[in-house]
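Engineer: Got a structure for you, run_22.cif, holding mmCIF, C-alpha atoms.
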```cif
data_run
#
loop_
_atom_site.label_atom_id
_atom_site.label_comp_id
_atom_site.auth_asym_id
_atom_site.auth_seq_id
_atom_site.Cartn_x
_atom_site.Cartn_y
_atom_site.Cartn_z
CA MET Q 16 20.35 -24.10 -36.70
CA LYS Q 17 20.64 -20.93 -38.80
CA ASN Q 18 16.89 -20.94 -39.34
CA LEU Q 19 16.26 -21.34 -35.62
CA PHE Q 20 18.62 -18.47 -34.84
CA TYR Q 21 16.89 -16.31 -37.45
CA LEU Q 22 13.47 -17.07 -35.95
CA PHE Q 23 14.77 -16.27 -32.47
CA CYS Q 24 16.13 -12.89 -33.60
CA LEU Q 25 12.92 -12.12 -35.47
CA SER Q 26 10.88 -12.94 -32.36
CA CYS Q 27 13.01 -10.63 -30.21
CA PHE Q 28 12.56 -7.86 -32.77
CA PHE Q 29 8.78 -8.16 -32.70
CA ILE Q 30 8.69 -8.32 -28.90
CA LEU Q 31 10.77 -5.16 -28.59
CA SER Q 32 8.82 -3.44 -31.35
CA SER Q 33 5.54 -4.18 -29.60
CA CYS Q 34 6.80 -2.34 -26.52
CA GLU Q 35 7.69 0.81 -28.44
CA ILE Q 36 5.08 3.57 -28.49
CA ASP Q 37 5.50 5.70 -31.57
CA GLY Q 38 7.93 7.81 -33.51
CA GLN Q 39 6.22 11.14 -32.87
CA SER Q 40 7.21 11.79 -29.25
CA PRO Q 41 9.82 14.45 -28.46
CA ILE Q 42 13.11 12.55 -28.35
CA GLY Q 43 15.57 13.53 -25.65
CA VAL Q 44 18.86 15.18 -26.58
CA ASP Q 45 21.67 13.38 -24.78
CA GLU Q 46 24.80 14.77 -26.39
CA GLY Q 47 26.42 18.11 -27.09
CA GLU Q 48 26.42 21.08 -24.76
CA PRO Q 49 23.66 21.00 -22.11
CA SER Q 50 21.58 24.16 -21.81
CA LYS Q 51 22.29 24.56 -18.06
CA ASP Q 52 19.07 26.56 -17.96
CA TYR Q 53 16.64 24.34 -16.06
CA GLN Q 54 14.05 26.82 -14.84
CA ASN Q 55 10.64 26.16 -16.36
CA GLY Q 56 9.75 22.50 -16.44
CA PHE Q 57 10.40 19.33 -14.49
CA PHE Q 58 13.12 16.77 -13.82
CA VAL Q 59 12.74 13.02 -14.34
CA VAL Q 60 14.94 10.63 -12.35
CA ASN Q 61 15.62 7.56 -14.50
CA GLU Q 62 16.65 4.57 -12.40
CA GLY Q 63 18.66 2.76 -15.05
CA ASN Q 64 19.04 -1.00 -14.81
CA PHE Q 65 19.97 -2.26 -11.36
CA ASP Q 66 23.74 -2.57 -10.82
CA TRP Q 67 24.61 -1.18 -14.27
CA GLY Q 68 25.52 2.28 -12.95
CA LYS Q 69 23.36 3.89 -15.64
CA ALA Q 70 21.04 6.18 -13.68
CA THR Q 71 20.34 9.42 -15.54
CA LEU Q 72 18.52 12.72 -15.05
CA THR Q 73 16.21 14.29 -17.65
CA PHE Q 74 14.78 17.81 -17.83
CA ILE Q 75 11.65 18.59 -19.87
CA HIS Q 76 11.19 22.27 -20.69
CA GLN Q 77 7.59 23.51 -20.43
CA ASP Q 78 7.85 27.19 -21.23
CA GLY Q 79 9.66 29.71 -23.45
CA ILE Q 80 11.45 29.01 -26.71
CA ASP Q 81 12.57 25.57 -25.48
CA LYS Q 82 9.02 24.41 -24.64
CA GLY Q 83 8.74 20.68 -25.29
CA LYS Q 84 12.50 20.16 -25.48
CA VAL Q 85 13.79 17.07 -23.67
CA GLU Q 86 17.35 17.04 -22.32
CA ASN Q 87 18.54 13.62 -21.20
CA ASN Q 88 21.52 12.56 -19.10
CA ILE Q 89 22.07 16.12 -17.92
CA PHE Q 90 23.86 15.33 -14.64
CA GLU Q 91 26.67 13.54 -16.46
CA ARG Q 92 26.79 16.07 -19.28
CA VAL Q 93 27.10 18.98 -16.84
CA ASN Q 94 29.42 17.39 -14.27
CA ASN Q 95 31.44 15.02 -16.52
CA GLU Q 96 30.62 12.11 -14.23
CA PRO Q 97 27.80 9.53 -14.26
CA LEU Q 98 24.98 10.03 -11.79
CA GLY Q 99 25.45 6.54 -10.36
CA ASN Q 100 23.66 3.28 -9.74
CA VAL Q 101 19.84 3.37 -9.48
CA GLY Q 102 18.46 6.90 -9.41
CA GLN Q 103 15.65 6.94 -6.89
CA SER Q 104 14.21 10.40 -6.30
CA MET Q 105 14.80 14.16 -6.41
CA THR Q 106 13.67 16.99 -4.14
CA ILE Q 107 14.24 20.74 -4.33
CA HIS Q 108 14.62 22.32 -0.91
CA ASN Q 109 15.81 25.77 0.12
CA GLY Q 110 17.24 26.57 -3.33
CA LYS Q 111 19.14 23.31 -3.81
CA GLY Q 112 18.39 20.05 -5.59
CA TYR Q 113 18.87 16.73 -3.78
CA ILE Q 114 19.15 13.65 -6.02
CA VAL Q 115 18.97 10.34 -4.14
CA VAL Q 116 20.99 7.54 -5.76
CA ASN Q 117 20.03 4.31 -4.05
CA ASN Q 118 22.65 1.69 -4.83
CA SER Q 119 25.47 4.26 -4.91
CA GLN Q 120 24.65 5.07 -1.25
CA LYS Q 121 24.57 8.83 -1.75
CA VAL Q 122 22.62 12.05 -2.31
CA GLU Q 123 23.97 14.46 -4.91
CA VAL Q 124 23.44 18.13 -4.01
CA VAL Q 125 23.13 20.36 -7.08
CA ASN Q 126 22.23 23.83 -8.25
CA PRO Q 127 18.71 23.16 -9.59
CA THR Q 128 19.04 25.71 -12.39
CA THR Q 129 22.43 24.74 -13.81
CA LEU Q 130 22.80 21.19 -12.40
CA ASP Q 131 26.35 21.95 -11.23
CA ARG Q 132 27.29 19.72 -8.31
CA ILE Q 133 27.55 21.50 -4.95
CA ALA Q 134 28.29 18.55 -2.65
CA THR Q 135 27.69 14.83 -2.11
CA ILE Q 136 26.10 13.36 1.02
CA LYS Q 137 27.79 9.97 1.42
CA ASN Q 138 27.63 6.78 3.51
CA LEU Q 139 23.85 6.39 3.26
CA HIS Q 140 22.76 2.76 3.16
CA SER Q 141 20.26 2.31 0.28
CA PRO Q 142 18.70 5.80 0.56
CA ARG Q 143 15.23 6.31 -0.92
CA TYR Q 144 13.67 9.72 -0.28
CA PHE Q 145 14.78 13.13 1.01
CA ILE Q 146 12.59 15.62 2.87
CA GLY Q 147 13.73 19.03 4.08
CA ILE Q 148 12.79 19.91 7.66
CA ASN Q 149 14.19 23.45 7.82
CA ASP Q 150 17.20 25.42 6.56
CA SER Q 151 19.66 23.23 8.45
CA LYS Q 152 18.09 19.77 8.70
CA ALA Q 153 16.65 17.02 6.50
CA TYR Q 154 15.58 13.40 6.78
CA VAL Q 155 16.53 10.60 4.34
CA SER Q 156 14.65 7.28 4.35
CA THR Q 157 16.27 3.94 3.57
CA ILE Q 158 15.44 0.37 2.72
CA TYR Q 159 17.29 -2.65 4.14
CA ARG Q 160 17.92 -0.76 7.39
CA ASP Q 161 15.30 0.17 9.97
CA LEU Q 162 15.97 3.87 10.37
CA ILE Q 163 15.76 7.45 9.17
CA TYR Q 164 18.96 9.44 8.60
CA VAL Q 165 19.09 12.96 10.03
CA ILE Q 166 21.24 15.21 7.82
CA ASN Q 167 22.91 18.52 8.69
CA LEU Q 168 22.38 20.63 5.57
CA GLN Q 169 25.19 23.03 6.46
CA THR Q 170 27.83 20.29 6.54
CA ASN Q 171 26.01 17.65 4.42
CA GLN Q 172 26.84 15.06 7.06
CA ILE Q 173 24.77 12.47 8.94
CA THR Q 174 24.22 13.71 12.49
CA LYS Q 175 22.04 10.94 13.92
CA GLU Q 176 19.71 8.05 13.13
CA ILE Q 177 16.06 7.71 14.12
CA ARG Q 178 15.46 4.02 14.75
CA THR Q 179 12.29 2.37 13.42
CA THR Q 180 11.20 -1.26 13.34
CA GLU Q 181 11.06 -1.68 9.55
CA TRP Q 182 12.44 -0.19 6.33
CA THR Q 183 11.40 3.39 5.58
CA GLU Q 184 10.03 4.90 2.40
CA LYS Q 185 8.15 8.09 1.42
CA MET Q 186 7.58 10.93 3.88
CA ALA Q 187 5.24 13.92 4.24
CA LYS Q 188 5.56 17.04 6.40
CA LEU Q 189 2.80 18.99 8.12
CA GLY Q 190 3.60 21.49 10.83
CA ASP Q 191 6.41 20.14 13.00
CA TYR Q 192 5.53 16.52 12.26
CA ILE Q 193 6.80 14.05 9.67
CA TRP Q 194 4.79 11.00 8.65
CA VAL Q 195 7.05 8.16 7.46
CA THR Q 196 5.76 5.24 5.40
CA SER Q 197 7.26 1.80 5.09
CA HIS Q 198 8.19 -0.30 2.08
CA ASP Q 199 6.31 -3.44 3.13
CA ALA Q 200 5.39 -3.05 6.81
CA ASP Q 201 1.91 -2.44 8.21
CA LYS Q 202 2.68 0.90 9.86
CA VAL Q 203 3.39 4.59 9.45
CA TRP Q 204 5.53 6.45 11.99
CA VAL Q 205 4.85 10.01 13.16
CA ILE Q 206 8.02 11.92 14.10
CA ASP Q 207 8.25 15.18 16.02
CA SER Q 208 10.93 16.94 13.96
CA ARG Q 209 11.80 19.32 16.82
CA ASN Q 210 13.48 16.52 18.75
CA ASP Q 211 13.64 13.78 16.10
CA GLU Q 212 11.57 11.36 18.17
CA ILE Q 213 8.82 8.97 17.09
CA ILE Q 214 5.68 9.93 19.01
CA HIS Q 215 3.11 7.63 17.40
CA THR Q 216 2.72 4.65 15.07
CA ILE Q 217 -0.33 4.26 12.82
CA THR Q 218 -1.26 0.65 12.03
CA THR Q 219 -2.09 0.19 8.34
CA PRO Q 220 -2.38 -2.60 5.78
CA ALA Q 221 0.90 -3.56 4.12
CA GLY Q 222 2.30 -1.36 1.38
CA SER Q 223 1.36 2.02 2.83
CA LYS Q 224 4.12 3.88 0.98
CA SER Q 225 1.98 6.46 -0.87
CA ILE Q 226 1.38 9.64 1.12
CA VAL Q 227 0.46 13.33 0.61
CA ALA Q 228 0.02 16.39 2.82
CA ASP Q 229 -3.33 18.20 2.59
CA GLU Q 230 -2.44 21.72 3.75
CA ALA Q 231 -5.95 23.07 3.13
CA GLN Q 232 -7.34 20.79 5.83
CA ASN Q 233 -4.17 20.19 7.86
CA ARG Q 234 -4.45 16.48 7.15
CA ILE Q 235 -2.25 13.66 5.91
CA TRP Q 236 -3.59 11.11 3.44
CA ILE Q 237 -2.03 7.63 3.19
CA LEU Q 238 -2.78 5.02 0.54
CA ALA Q 239 -2.11 1.40 1.53
CA THR Q 240 -2.19 -1.03 -1.39
CA GLY Q 241 -2.96 -4.01 0.86
CA SER Q 242 -2.07 -7.65 0.30
CA ASP Q 243 -3.61 -11.00 -0.62
CA THR Q 244 -5.20 -11.15 2.83
CA GLU Q 245 -6.01 -7.50 3.53
CA ARG Q 246 -7.86 -4.94 1.43
CA ALA Q 247 -6.39 -1.62 0.38
CA ARG Q 248 -7.28 1.42 2.48
CA LEU Q 249 -7.30 5.22 2.21
CA ILE Q 250 -6.22 6.51 5.63
CA THR Q 251 -6.25 10.06 6.97
CA SER Q 252 -4.56 11.62 9.99
CA SER Q 253 -5.06 15.16 11.30
CA LEU Q 254 -2.46 17.65 12.48
CA SER Q 255 -4.78 18.55 15.35
CA ASP Q 256 -4.55 14.97 16.68
CA VAL Q 257 -1.67 13.06 15.13
CA ARG Q 258 -2.42 10.04 17.30
CA SER Q 259 -5.79 9.36 15.68
CA SER Q 260 -6.66 8.18 12.18
CA GLU Q 261 -9.62 7.13 10.04
CA SER Q 262 -9.76 4.84 7.03
CA ARG Q 263 -11.89 3.84 4.06
CA VAL Q 264 -11.74 0.33 2.61
CA PHE Q 265 -11.44 -0.41 -1.11
CA ASP Q 266 -13.14 -3.27 -2.92
CA GLU Q 267 -11.27 -6.54 -2.73
CA GLU Q 268 -9.96 -6.45 -6.31
CA GLU Q 269 -8.67 -2.87 -6.13
CA LYS Q 270 -4.91 -2.24 -5.80
CA PRO Q 271 -4.62 1.58 -5.76
CA GLN Q 272 -1.28 3.36 -5.84
CA PHE Q 273 0.41 6.72 -6.62
CA LEU Q 274 -1.69 8.99 -4.39
CA ASN Q 275 -1.73 12.72 -5.31
CA ILE Q 276 -3.61 15.83 -4.24
CA TYR Q 277 -4.47 18.88 -6.35
CA ASN Q 278 -7.06 21.62 -5.77
CA ASN Q 279 -8.60 19.70 -2.84
CA ASP Q 280 -9.07 16.55 -4.93
CA LEU Q 281 -7.32 13.26 -4.29
CA TYR Q 282 -6.17 11.17 -7.25
CA TRP Q 283 -4.82 7.64 -7.50
CA ILE Q 284 -4.29 4.95 -10.11
CA SER Q 285 -5.62 1.42 -10.07
CA ASP Q 286 -4.53 -0.78 -12.97
CA THR Q 287 -4.39 1.85 -15.77
CA ASN Q 288 -7.36 3.90 -14.55
CA LEU Q 289 -7.25 7.26 -12.75
CA TYR Q 290 -9.69 7.88 -9.89
CA GLN Q 291 -10.69 11.18 -8.26
CA LEU Q 292 -12.17 11.93 -4.82
CA SER Q 293 -12.81 15.28 -3.12
CA SER Q 294 -10.72 15.54 0.03
CA PHE Q 295 -13.70 17.34 1.61
CA GLN Q 296 -16.01 14.35 1.13
CA ILE Q 297 -16.73 13.28 4.70
CA ASP Q 298 -18.54 9.98 4.15
CA SER Q 299 -16.81 6.67 3.54
CA ARG Q 300 -17.73 6.22 -0.12
CA LEU Q 301 -14.95 5.64 -2.61
CA PRO Q 302 -15.44 6.21 -6.36
CA GLN Q 303 -16.53 3.20 -8.37
CA THR Q 304 -16.16 4.82 -11.80
CA PRO Q 305 -12.74 5.92 -13.13
CA PHE Q 306 -12.14 9.62 -13.73
CA ILE Q 307 -10.00 8.62 -16.74
CA GLU Q 308 -10.10 5.05 -18.03
CA GLY Q 309 -7.32 3.28 -19.92
CA LEU Q 310 -4.25 5.49 -19.49
CA GLY Q 311 -1.35 5.07 -21.91
CA THR Q 312 -1.21 2.23 -24.42
CA VAL Q 313 -1.81 -1.52 -24.29
CA ASN Q 314 1.86 -2.00 -23.36
CA THR Q 315 2.07 0.76 -20.73
CA LEU Q 316 3.71 -0.13 -17.43
CA ILE Q 317 2.91 2.74 -15.03
CA TYR Q 318 5.90 3.06 -12.71
CA ASN Q 319 4.99 6.36 -11.04
CA ALA Q 320 2.39 9.10 -11.43
CA VAL Q 321 2.12 12.69 -10.19
CA ILE Q 322 -0.12 15.73 -10.64
CA SER Q 323 1.75 18.89 -11.64
CA PRO Q 324 1.29 21.59 -8.96
CA LYS Q 325 1.67 24.24 -11.68
CA ASN Q 326 -0.93 23.26 -14.27
CA GLY Q 327 -2.78 20.33 -12.72
CA ARG Q 328 -1.82 17.91 -15.45
CA LEU Q 329 -1.26 14.22 -14.83
CA LEU Q 330 2.25 12.97 -15.60
CA PHE Q 331 3.06 9.30 -15.39
CA ALA Q 332 6.20 7.31 -16.08
CA ASP Q 333 6.04 4.32 -18.43
CA ALA Q 334 8.92 1.92 -17.80
CA LEU Q 335 7.98 -0.27 -20.82
CA ASP Q 336 10.01 -3.49 -20.42
CA TYR Q 337 12.61 -2.16 -17.92
CA GLN Q 338 15.22 -2.33 -20.69
CA GLN Q 339 14.41 0.38 -23.24
CA GLU Q 340 14.28 4.11 -22.73
CA GLY Q 341 10.91 4.89 -21.20
CA TYR Q 342 8.30 7.61 -21.62
CA ILE Q 343 6.55 10.31 -19.66
CA PHE Q 344 2.87 10.69 -20.58
CA GLU Q 345 1.11 14.02 -19.99
CA TYR Q 346 -2.70 14.18 -19.63
CA ASP Q 347 -4.97 17.22 -19.35
CA LEU Q 348 -7.43 16.58 -16.51
CA GLN Q 349 -9.99 18.97 -18.02
CA SER Q 350 -10.24 17.29 -21.41
CA LYS Q 351 -9.19 13.90 -19.97
CA ARG Q 352 -6.95 13.42 -22.97
CA GLU Q 353 -3.28 12.80 -23.58
CA VAL Q 354 -1.59 15.99 -24.72
CA GLU Q 355 2.04 14.86 -24.99
CA ARG Q 356 4.50 12.08 -24.34
CA TYR Q 357 8.24 12.42 -23.97
CA LYS Q 358 10.97 9.85 -24.51
CA VAL Q 359 13.35 9.88 -21.54
CA GLY Q 360 15.83 7.46 -19.90
CA VAL Q 361 15.73 3.81 -18.85
CA ILE Q 362 13.12 3.12 -16.14
CA PRO Q 363 11.80 6.64 -15.48
CA ASN Q 364 10.61 6.95 -11.90
CA ASP Q 365 10.48 10.12 -9.82
CA ILE Q 366 9.31 13.47 -11.22
CA CYS Q 367 10.49 16.70 -9.58
CA PHE Q 368 8.93 20.07 -10.43
CA LYS Q 369 10.78 23.39 -10.52
#
```
Could you rewrite the structure in this file as structure tokens?
Structural biologist:
Amino acid sequence: MKNLFYLFCLSCFFILSSCEIDGQSPIGVDEGEPSKDYQNGFFVVNEGNFDWGKATLTFIHQDGIDKGKVENNIFERVNNEPLGNVGQSMTIHNGKGYIVVNNSQKVEVVNPTTLDRIATIKNLHSPRYFIGINDSKAYVSTIYRDLIYVINLQTNQITKEIRTTEWTEKMAKLGDYIWVTSHDADKVWVIDSRNDEIIHTITTPAGSKSIVADEAQNRIWILATGSDTERARLITSSLSDVRSSESRVFDEEEKPQFLNIYNNDLYWISDTNLYQLSSFQIDSRLPQTPFIEGLGTVNTLIYNAVISPKNGRLLFADALDYQQEGYIFEYDLQSKREVERYKVGVIPNDICFK
């Protein structure tokens, strides 16, 4: 029995070791006095294991004397209280940071430079994403309930609910309109934010939860990952006619996700490959050859990916085995090479730029 136990422990060690990346990455500081100087860099929302109440927030400095420094668990270290259960996303709007904590049913409102708590928006059922409408109003999406919350940003209270027919997910704003994706449904809703009313529904394949606003062309781009019975599609909708849309169909084996836009180019990831397409390309062709092939390592589990609006670099979150502290990989799109990786919290997900 002792030998069996020893072999079991040894197997676990090798499994965990195989998921680790290396010992050269900048390791996050998660104790001592926080800098409270979060100006040049980006935040990482780490989900933490579901129902463990271990969500954390990381800041990675990208300029000045602290360039490359990783500060982990900064919400708790600044406010002397854990962030909560399942960190979902973070948005900076009108000089304030809004951290959505899914299973804790709340949005934490913070000073985005010091991370001091300003307020807490409560009584939100499984909130997912926050989008600011103007100085006094925001929307918050939710799963498990078919609605969008309308938030008064002066009082940090729910003022109304916009009823949908399915769960709601990521959102994008263009002009006075908000496009709202769904977690699993085959539709995207278009809301007139002036009166908080749904004016149109775009039919899509399932999984159309990846969306970006193309301000150069006044268009919205939606990426639907599809299903076993329906192919993935890249869908576009114009501000000039929000009730119309066009789509391009991916090959049957493709499962694209994590849509981004930078310098008029669209980017997405399929498997561990990055693809690029000019948003000005008017024909229906989709790229067949990856822009960058084989991101990360053999054990990489890409959980989210974004393009930095400041330097155009690709950043993607590696959740490893959903148990260990994960990594953020940084790639230069010019050289197509990895330039850095940072060790952050458990299950890194959303990335929010200052």
Engineer: Could you give me, as CSV, a per-residue list for segment 172-218 of chain Q showing, wherever an atom lies at most 9 Å from an atom of segment 240-259 of chain Q, the closest pair of atoms and their distance in Å to one decimal, using all atoms listed in the file and sorting by chain then residue number from low to high?
Structural biologist:
```
residue,atom,partner,partner_atom,distance
Q:Leu189,CA,Q:Leu254,CA,7.0
Q:Gly190,CA,Q:Leu254,CA,7.4
Q:Tyr192,CA,Q:Leu254,CA,8.1
Q:Asp201,CA,Q:Gly241,CA,9.0
Q:Val205,CA,Q:Val257,CA,7.5
Q:Ile214,CA,Q:Arg258,CA,8.3
Q:His215,CA,Q:Arg258,CA,6.0
Q:Thr216,CA,Q:Arg258,CA,7.8
Q:Ile217,CA,Q:Arg258,CA,7.6
```
Engineer: Scan for residues within 10 Å of the point (-0.9, 16.1, 1.7) in the coordinates of the file, using only C-alpha atoms, and reply as a list in words.
Structural biologist: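 All residues meeting the 10 Å criterion around (-0.9, 16.1, 1.7) are Ala187, Lys188, Leu189, Ile226, Val227, Ala228, Asp229, Glu230, Ala231, Gln232, Asn233, Arg234, Ile235, Trp236, Ile237, Thr251, Leu274, Asn275, Ile276, Tyr277, Asn279, Leu281 and Ser294 of chain Q.
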Engineer: Run the PyMOL selection byres ((chain Q and resi 283) around 6) on the file and write out the hits as a tab-separated table (two decimals) with C-alpha atoms, in the coordinates of the input.
Structural biologist:
```tsv
chain	number	residue	atom	x	y	z
Q	272	GLN	CA	-1.28	3.36	-5.84
Q	273	PHE	CA	0.41	6.72	-6.62
Q	274	LEU	CA	-1.69	8.99	-4.39
Q	282	TYR	CA	-6.17	11.17	-7.25
Q	284	ILE	CA	-4.29	4.95	-10.11
Q	289	LEU	CA	-7.25	7.26	-12.75
Q	290	TYR	CA	-9.69	7.88	-9.89
```
Engineer: Could you jot down the atom CA of Arg352 of chain Q to atom CA of Asp280 of chain Q separation for me, Å, one decimal place?
Structural biologist: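 We find that atom CA of Arg352 of chain Q and atom CA of Asp280 of chain Q lie 18.4 Å from each other.
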Engineer: Here is a test: counting only C-alpha atoms, which residue of Q:Val359, Q:Leu348, Q:Ile297, Q:Leu292 is nearest to Leu310 of chain Q?
Structural biologist: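 Among the listed residues, Q:Leu348 lies closest to Leu310 of chain Q.
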Engineer: From the list Q:Ala320, Q:Val203, Q:Pro302, Q:Ala221, which residue is nearest Ser260 of chain Q when using all atoms listed in the file?
Structural biologist: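 Checking each of Q:Ala320, Q:Val203, Q:Pro302, Q:Ala221 against Ser260 of chain Q, counting all atoms listed in the file, the winner is Q:Val203.
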Engineer: Atom CA of Arg160 of chain Q and atom CA of Trp67 of chain Q, how far apart in Å?
Structural biologist: 22.7 Å
Engineer: Given all atoms listed in the file as the basis, pick out the residue of Q:Phe295, Q:Gly360, Q:Ser151, Q:Pro324 nearest to Gly56 of chain Q.
Structural biologist: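 That would be Q:Pro324, the residue with the smallest distance to Gly56 of chain Q.
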Engineer: Neighbouring residues of Tyr318 of chain Q were defined as those with any atom within 7 Å, considering all atoms listed in the file; residues of the same chain fewer than 4 positions away were excluded. Please report them as a ChimeraX atom specification.
Structural biologist: /Q:332-334,364
Engineer: So which residues get picked by the PyMOL selection byres ((chain Q and resi 174) around 12) here, written as a PyMOL selection string?
Structural biologist: chain Q and resi 136+138-139+151-155+163-173+175-177+211
Engineer: As a PyMOL selection string, please: the residues near Arg132 of chain Q (cut-off 9 Å, only C-alpha atoms, same-chain neighbours under 6 positions excluded).
Structural biologist: chain Q and resi 90+93-94+123-126
Engineer: Give me segment 292-299 of chain Q with all heavy atoms filled in, as a PDB file, keeping the file's coordinate frame.
Structural biologist:
```pdb
ATOM      1  N   LEU Q 292     -11.292  11.817  -5.985  1.00  0.00           N
ATOM      2  CA  LEU Q 292     -12.170  11.930  -4.820  1.00  0.00           C
ATOM      3  C   LEU Q 292     -11.920  13.272  -4.154  1.00  0.00           C
ATOM      4  O   LEU Q 292     -10.763  13.634  -3.904  1.00  0.00           O
ATOM      5  CB  LEU Q 292     -11.883  10.801  -3.824  1.00  0.00           C
ATOM      6  CG  LEU Q 292     -12.626  10.868  -2.481  1.00  0.00           C
ATOM      7  CD1 LEU Q 292     -14.117  10.562  -2.681  1.00  0.00           C
ATOM      8  CD2 LEU Q 292     -12.009   9.894  -1.480  1.00  0.00           C
ATOM      9  N   SER Q 293     -12.974  14.026  -3.844  1.00  0.00           N
ATOM     10  CA  SER Q 293     -12.810  15.280  -3.120  1.00  0.00           C
ATOM     11  C   SER Q 293     -12.297  15.001  -1.717  1.00  0.00           C
ATOM     12  O   SER Q 293     -12.828  14.144  -1.001  1.00  0.00           O
ATOM     13  CB  SER Q 293     -14.144  16.030  -3.039  1.00  0.00           C
ATOM     14  OG  SER Q 293     -14.031  17.123  -2.147  1.00  0.00           O
ATOM     15  N   SER Q 294     -11.268  15.732  -1.316  1.00  0.00           N
ATOM     16  CA  SER Q 294     -10.720  15.540   0.030  1.00  0.00           C
ATOM     17  C   SER Q 294     -11.676  16.056   1.093  1.00  0.00           C
ATOM     18  O   SER Q 294     -11.500  15.780   2.283  1.00  0.00           O
ATOM     19  CB  SER Q 294      -9.372  16.251   0.154  1.00  0.00           C
ATOM     20  OG  SER Q 294      -9.531  17.651   0.000  1.00  0.00           O
ATOM     21  N   PHE Q 295     -12.700  16.819   0.678  1.00  0.00           N
ATOM     22  CA  PHE Q 295     -13.700  17.340   1.610  1.00  0.00           C
ATOM     23  C   PHE Q 295     -14.884  16.382   1.784  1.00  0.00           C
ATOM     24  O   PHE Q 295     -15.766  16.645   2.587  1.00  0.00           O
ATOM     25  CB  PHE Q 295     -14.205  18.709   1.158  1.00  0.00           C
ATOM     26  CG  PHE Q 295     -13.209  19.810   1.351  1.00  0.00           C
ATOM     27  CD1 PHE Q 295     -12.399  20.220   0.302  1.00  0.00           C
ATOM     28  CD2 PHE Q 295     -13.048  20.421   2.588  1.00  0.00           C
ATOM     29  CE1 PHE Q 295     -11.466  21.243   0.473  1.00  0.00           C
ATOM     30  CE2 PHE Q 295     -12.114  21.429   2.772  1.00  0.00           C
ATOM     31  CZ  PHE Q 295     -11.323  21.840   1.715  1.00  0.00           C
ATOM     32  N   GLN Q 296     -14.906  15.302   1.002  1.00  0.00           N
ATOM     33  CA  GLN Q 296     -16.010  14.350   1.130  1.00  0.00           C
ATOM     34  C   GLN Q 296     -15.880  13.626   2.462  1.00  0.00           C
ATOM     35  O   GLN Q 296     -14.880  12.946   2.719  1.00  0.00           O
ATOM     36  CB  GLN Q 296     -15.988  13.337  -0.017  1.00  0.00           C
ATOM     37  CG  GLN Q 296     -17.159  12.365   0.018  1.00  0.00           C
ATOM     38  CD  GLN Q 296     -17.172  11.460  -1.204  1.00  0.00           C
ATOM     39  OE1 GLN Q 296     -16.979  11.915  -2.324  1.00  0.00           O
ATOM     40  NE2 GLN Q 296     -17.390  10.173  -0.992  1.00  0.00           N
ATOM     41  N   ILE Q 297     -16.870  13.765   3.327  1.00  0.00           N
ATOM     42  CA  ILE Q 297     -16.730  13.280   4.700  1.00  0.00           C
ATOM     43  C   ILE Q 297     -17.265  11.870   4.907  1.00  0.00           C
ATOM     44  O   ILE Q 297     -16.988  11.244   5.931  1.00  0.00           O
ATOM     45  CB  ILE Q 297     -17.430  14.240   5.685  1.00  0.00           C
ATOM     46  CG1 ILE Q 297     -18.916  14.360   5.351  1.00  0.00           C
ATOM     47  CG2 ILE Q 297     -16.747  15.599   5.680  1.00  0.00           C
ATOM     48  CD1 ILE Q 297     -19.704  15.190   6.363  1.00  0.00           C
ATOM     49  N   ASP Q 298     -18.055  11.342   3.949  1.00  0.00           N
ATOM     50  CA  ASP Q 298     -18.540   9.980   4.150  1.00  0.00           C
ATOM     51  C   ASP Q 298     -17.493   8.981   3.689  1.00  0.00           C
ATOM     52  O   ASP Q 298     -16.411   9.343   3.239  1.00  0.00           O
ATOM     53  CB  ASP Q 298     -19.882   9.759   3.425  1.00  0.00           C
ATOM     54  CG  ASP Q 298     -19.776   9.989   1.929  1.00  0.00           C
ATOM     55  OD1 ASP Q 298     -18.747   9.624   1.348  1.00  0.00           O
ATOM     56  OD2 ASP Q 298     -20.725  10.552   1.339  1.00  0.00           O
ATOM     57  N   SER Q 299     -17.798   7.717   3.797  1.00  0.00           N
ATOM     58  CA  SER Q 299     -16.810   6.670   3.540  1.00  0.00           C
ATOM     59  C   SER Q 299     -16.818   6.144   2.114  1.00  0.00           C
ATOM     60  O   SER Q 299     -16.098   5.204   1.795  1.00  0.00           O
ATOM     61  CB  SER Q 299     -17.042   5.506   4.505  1.00  0.00           C
ATOM     62  OG  SER Q 299     -18.341   4.966   4.296  1.00  0.00           O
TER      63      SER Q 299
END
```
